[in-house]
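Asker: See final.pdb below, with PDB, C-alpha atoms, pLDDT in the B column.
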ATOM      1  CA  MET A  69     110.629  87.080 117.228  1.00 50.00           C
ATOM      2  CA  PHE A  70     108.264  87.712 120.158  1.00 47.00           C
ATOM      3  CA  GLU A  71     106.676  90.699 118.354  1.00 54.00           C
ATOM      4  CA  ILE A  72     105.935  88.581 115.270  1.00 51.00           C
ATOM      5  CA  SER A  73     104.218  85.907 117.406  1.00 55.00           C
ATOM      6  CA  MET A  74     102.093  88.499 119.189  1.00 53.00           C
ATOM      7  CA  LEU A  75     101.151  90.113 115.863  1.00 53.00           C
ATOM      8  CA  ALA A  76     100.177  86.718 114.423  1.00 54.00           C
ATOM      9  CA  MET A  77      98.022  85.937 117.473  1.00 56.00           C
ATOM     10  CA  PHE A  78      96.330  89.342 117.187  1.00 50.00           C
ATOM     11  CA  PHE A  79      95.445  88.835 113.519  1.00 51.00           C
ATOM     12  CA  THR A  80      94.255  85.274 114.139  1.00 56.00           C
ATOM     13  CA  ALA A  81      91.988  86.430 116.988  1.00 54.00           C
ATOM     14  CA  PHE A  82      90.691  89.321 114.875  1.00 52.00           C
ATOM     15  CA  TRP A  83      89.915  87.001 111.955  1.00 52.00           C
ATOM     16  CA  VAL A  84      88.022  84.519 114.166  1.00 50.00           C
ATOM     17  CA  LEU A  85      85.989  87.263 115.839  1.00 57.00           C
ATOM     18  CA  ALA A  86      85.189  88.899 112.498  1.00 58.00           C
ATOM     19  CA  GLN A  87      83.598  85.727 111.084  1.00 54.00           C
ATOM     20  CA  PRO A  88      79.784  85.518 111.112  1.00 56.00           C
ATOM     21  CA  ALA A  89      78.458  83.242 113.838  1.00 53.00           C
ATOM     22  CA  SER A  90      76.798  80.996 111.256  1.00 48.00           C
ATOM     23  CA  SER A  91      80.112  80.147 109.629  1.00 44.00           C
ATOM     24  CA  ILE A  92      81.773  79.364 112.954  1.00 45.00           C
ATOM     25  CA  ARG A  93      78.935  77.106 114.212  1.00 49.00           C
ATOM     26  CA  ARG A  94      78.228  75.230 110.990  1.00 58.00           C
ATOM     27  CA  GLY A  95      78.691  71.906 112.800  1.00 79.00           C
ATOM     28  CA  GLU A  96      75.620  72.317 115.037  1.00 93.00           C
ATOM     29  CA  TRP A  97      73.526  69.232 115.680  1.00 94.00           C
ATOM     30  CA  TRP A  98      69.750  69.376 116.208  1.00 94.00           C
ATOM     31  CA  VAL A  99      67.183  66.869 117.428  1.00 95.00           C
ATOM     32  CA  GLU A 100      64.085  66.929 115.216  1.00 94.00           C
ATOM     33  CA  VAL A 101      61.083  65.341 116.935  1.00 94.00           C
ATOM     34  CA  GLU A 102      57.896  64.684 114.981  1.00 94.00           C
ATOM     35  CA  THR A 103      54.585  63.631 116.499  1.00 94.00           C
ATOM     36  CA  ASP A 104      51.443  62.478 114.656  1.00 93.00           C
ATOM     37  CA  SER A 105      49.008  63.321 117.426  1.00 89.00           C
ATOM     38  CA  PRO A 106      49.121  66.250 117.698  1.00 90.00           C
ATOM     39  CA  LYS A 107      50.779  66.806 114.305  1.00 93.00           C
ATOM     40  CA  ARG A 108      53.883  68.777 115.324  1.00 92.00           C
ATOM     41  CA  THR A 109      57.607  69.070 114.670  1.00 93.00           C
ATOM     42  CA  TYR A 110      59.965  70.218 117.420  1.00 93.00           C
ATOM     43  CA  TYR A 111      63.647  71.121 117.213  1.00 93.00           C
ATOM     44  CA  PHE A 112      65.988  70.941 120.200  1.00 93.00           C
ATOM     45  CA  GLY A 113      69.572  72.102 120.248  1.00 92.00           C
ATOM     46  CA  PRO A 114      72.092  73.097 119.244  1.00 94.00           C
ATOM     47  CA  TYR A 115      74.491  70.373 120.311  1.00 94.00           C
ATOM     48  CA  ASP A 116      78.203  70.096 119.616  1.00 94.00           C
ATOM     49  CA  SER A 117      78.079  66.447 118.534  1.00 94.00           C
ATOM     50  CA  ARG A 118      75.713  63.816 117.167  1.00 94.00           C
ATOM     51  CA  GLN A 119      76.271  61.761 120.323  1.00 95.00           C
ATOM     52  CA  GLU A 120      75.282  64.652 122.598  1.00 95.00           C
ATOM     53  CA  ALA A 121      72.106  65.246 120.579  1.00 95.00           C
ATOM     54  CA  SER A 122      71.270  61.549 120.584  1.00 94.00           C
ATOM     55  CA  ASN A 123      71.765  61.255 124.345  1.00 94.00           C
ATOM     56  CA  SER A 124      69.296  64.104 124.917  1.00 93.00           C
ATOM     57  CA  SER A 125      66.583  62.726 122.639  1.00 92.00           C
ATOM     58  CA  ASN A 126      65.220  60.185 125.180  1.00 91.00           C
ATOM     59  CA  ARG A 127      64.342  63.026 127.540  1.00 92.00           C
ATOM     60  CA  TYR A 128      62.290  64.746 124.813  1.00 91.00           C
ATOM     61  CA  ILE A 129      60.449  61.518 123.989  1.00 91.00           C
ATOM     62  CA  ARG A 130      59.507  60.981 127.658  1.00 92.00           C
ATOM     63  CA  ASP A 131      58.324  64.576 128.041  1.00 93.00           C
ATOM     64  CA  LEU A 132      56.139  64.386 124.930  1.00 92.00           C
ATOM     65  CA  GLU A 133      54.717  60.982 125.910  1.00 93.00           C
ATOM     66  CA  ASN A 134      53.818  62.410 129.322  1.00 94.00           C
ATOM     67  CA  LYS A 135      51.959  65.212 127.517  1.00 92.00           C
ATOM     68  CA  GLY A 136      49.975  62.665 125.470  1.00 94.00           C
ATOM     69  CA  ALA A 137      51.835  62.796 122.140  1.00 93.00           C
ATOM     70  CA  LYS A 138      51.494  59.721 119.893  1.00 92.00           C
ATOM     71  CA  LYS A 139      53.706  58.212 117.172  1.00 93.00           C
ATOM     72  CA  ILE A 140      56.902  60.060 118.042  1.00 94.00           C
ATOM     73  CA  SER A 141      59.862  59.902 115.673  1.00 94.00           C
ATOM     74  CA  ILE A 142      63.366  61.307 116.141  1.00 93.00           C
ATOM     75  CA  ASN A 143      65.842  62.515 113.539  1.00 94.00           C
ATOM     76  CA  ILE A 144      69.303  63.870 114.386  1.00 95.00           C
ATOM     77  CA  LYS A 145      70.341  66.576 111.903  1.00 93.00           C
ATOM     78  CA  GLN A 146      73.425  68.675 111.355  1.00 93.00           C
ATOM     79  CA  GLY A 147      73.184  72.214 110.076  1.00 90.00           C
ATOM     80  CA  SER A 148      72.141  75.723 110.941  1.00 83.00           C
ATOM     81  CA  GLN A 149      69.405  76.653 113.389  1.00 79.00           C
ATOM     82  CA  PRO A 150      65.876  75.930 112.126  1.00 81.00           C
ATOM     83  CA  THR A 151      63.742  79.014 111.440  1.00 80.00           C
ATOM     84  CA  HIS A 152      61.054  77.750 113.858  1.00 78.00           C
ATOM     85  CA  LEU A 153      61.724  75.558 116.893  1.00 75.00           C
ATOM     86  CA  THR A 154      58.126  74.293 116.948  1.00 76.00           C
ATOM     87  CA  ALA A 155      55.862  73.854 113.931  1.00 71.00           C
ATOM     88  CA  SER A 156      52.354  72.454 113.591  1.00 73.00           C
ATOM     89  CA  GLU A 157      49.985  71.850 110.692  1.00 66.00           C
ATOM     90  CA  ASP A 158      48.406  75.209 111.520  1.00 57.00           C
ATOM     91  CA  SER A 159      51.650  77.178 111.099  1.00 49.00           C
TER      92      SER A 159
END
Can the structure from this file be put into structure tokens for me?
Answerer:
Amino acid sequence: MFEISMLAMFFTAFWVLAQPASSIRRGEWWVEVETDSPKRTYYFGPYDSRQEASNSSNRYIRDLENKGAKKISINIKQGSQPTHLTASEDS
């Protein structure tokens, strides 16, 4: 019985490790921050939960306000990592 349990644990561990990282972390949460002046979009994360991402968003707003950003909006999103963590009209 012990050998069967060990074999099952081995195959379970192998299966988990063999999965692509994107399929394991599909529940990532990201904070999307958009500013109108300058016209930019920032992504911060990943976070394990919507609550964790939301709690961090105030810090990003303060930092951007201190740097002179205007009209800041926040959107909490779930999904895979964005291709760019910062984007502007120029990019």
Asker: Distance cut-off 12 Å, centre (79.6, 68.2, 118.6) in file coordinates, counting only C-alpha atoms: which residues qualify? Return them as number ranges by chain.
Answerer: A: 93-98, 113-123, 144-147
Asker: List the residues sitting within 9 Å of (52.1, 67.3, 119.5) in the file's frame, using only C-alpha atoms, as a PyMOL selection string.
Answerer: chain A and resi 102-110+132+135-138+140+156
Asker: With distances taken over all atoms listed in the file, which residue among A:Leu153, A:Phe112, A:Ser125, A:Val101 lies nearest Lys139 of chain A?
Answerer: A:Val101
Asker: What do you get, as a short mmCIF file (atom, residue, chain, number, x, y, z; two decimals) with C-alpha atoms, keeping the file's coordinate frame, if you spell out every residue that the PyMOL selection byres ((chain A and resi 142) around 6) selects here?
Answerer:
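Output contents, as saved in result-v7.cif:
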data_model
loop_
_atom_site.label_atom_id
_atom_site.label_comp_id
_atom_site.auth_asym_id
_atom_site.auth_seq_id
_atom_site.Cartn_x
_atom_site.Cartn_y
_atom_site.Cartn_z
CA GLU A 100 64.08 66.93 115.22
CA VAL A 101 61.08 65.34 116.94
CA SER A 141 59.86 59.90 115.67
CA ASN A 143 65.84 62.52 113.54
#
Asker: Find the axis-aligned box for segment 126-142 of chain A, covering all its listed atoms and adding 5 Å on each side, and write its centre and edge lengths in Å to one decimal as lines of an AutoDock Vina configuration file.
Answerer:
center_x = 57.6
center_y = 61.7
center_z = 122.5
size_x = 25.2
size_y = 17.0
size_z = 23.6
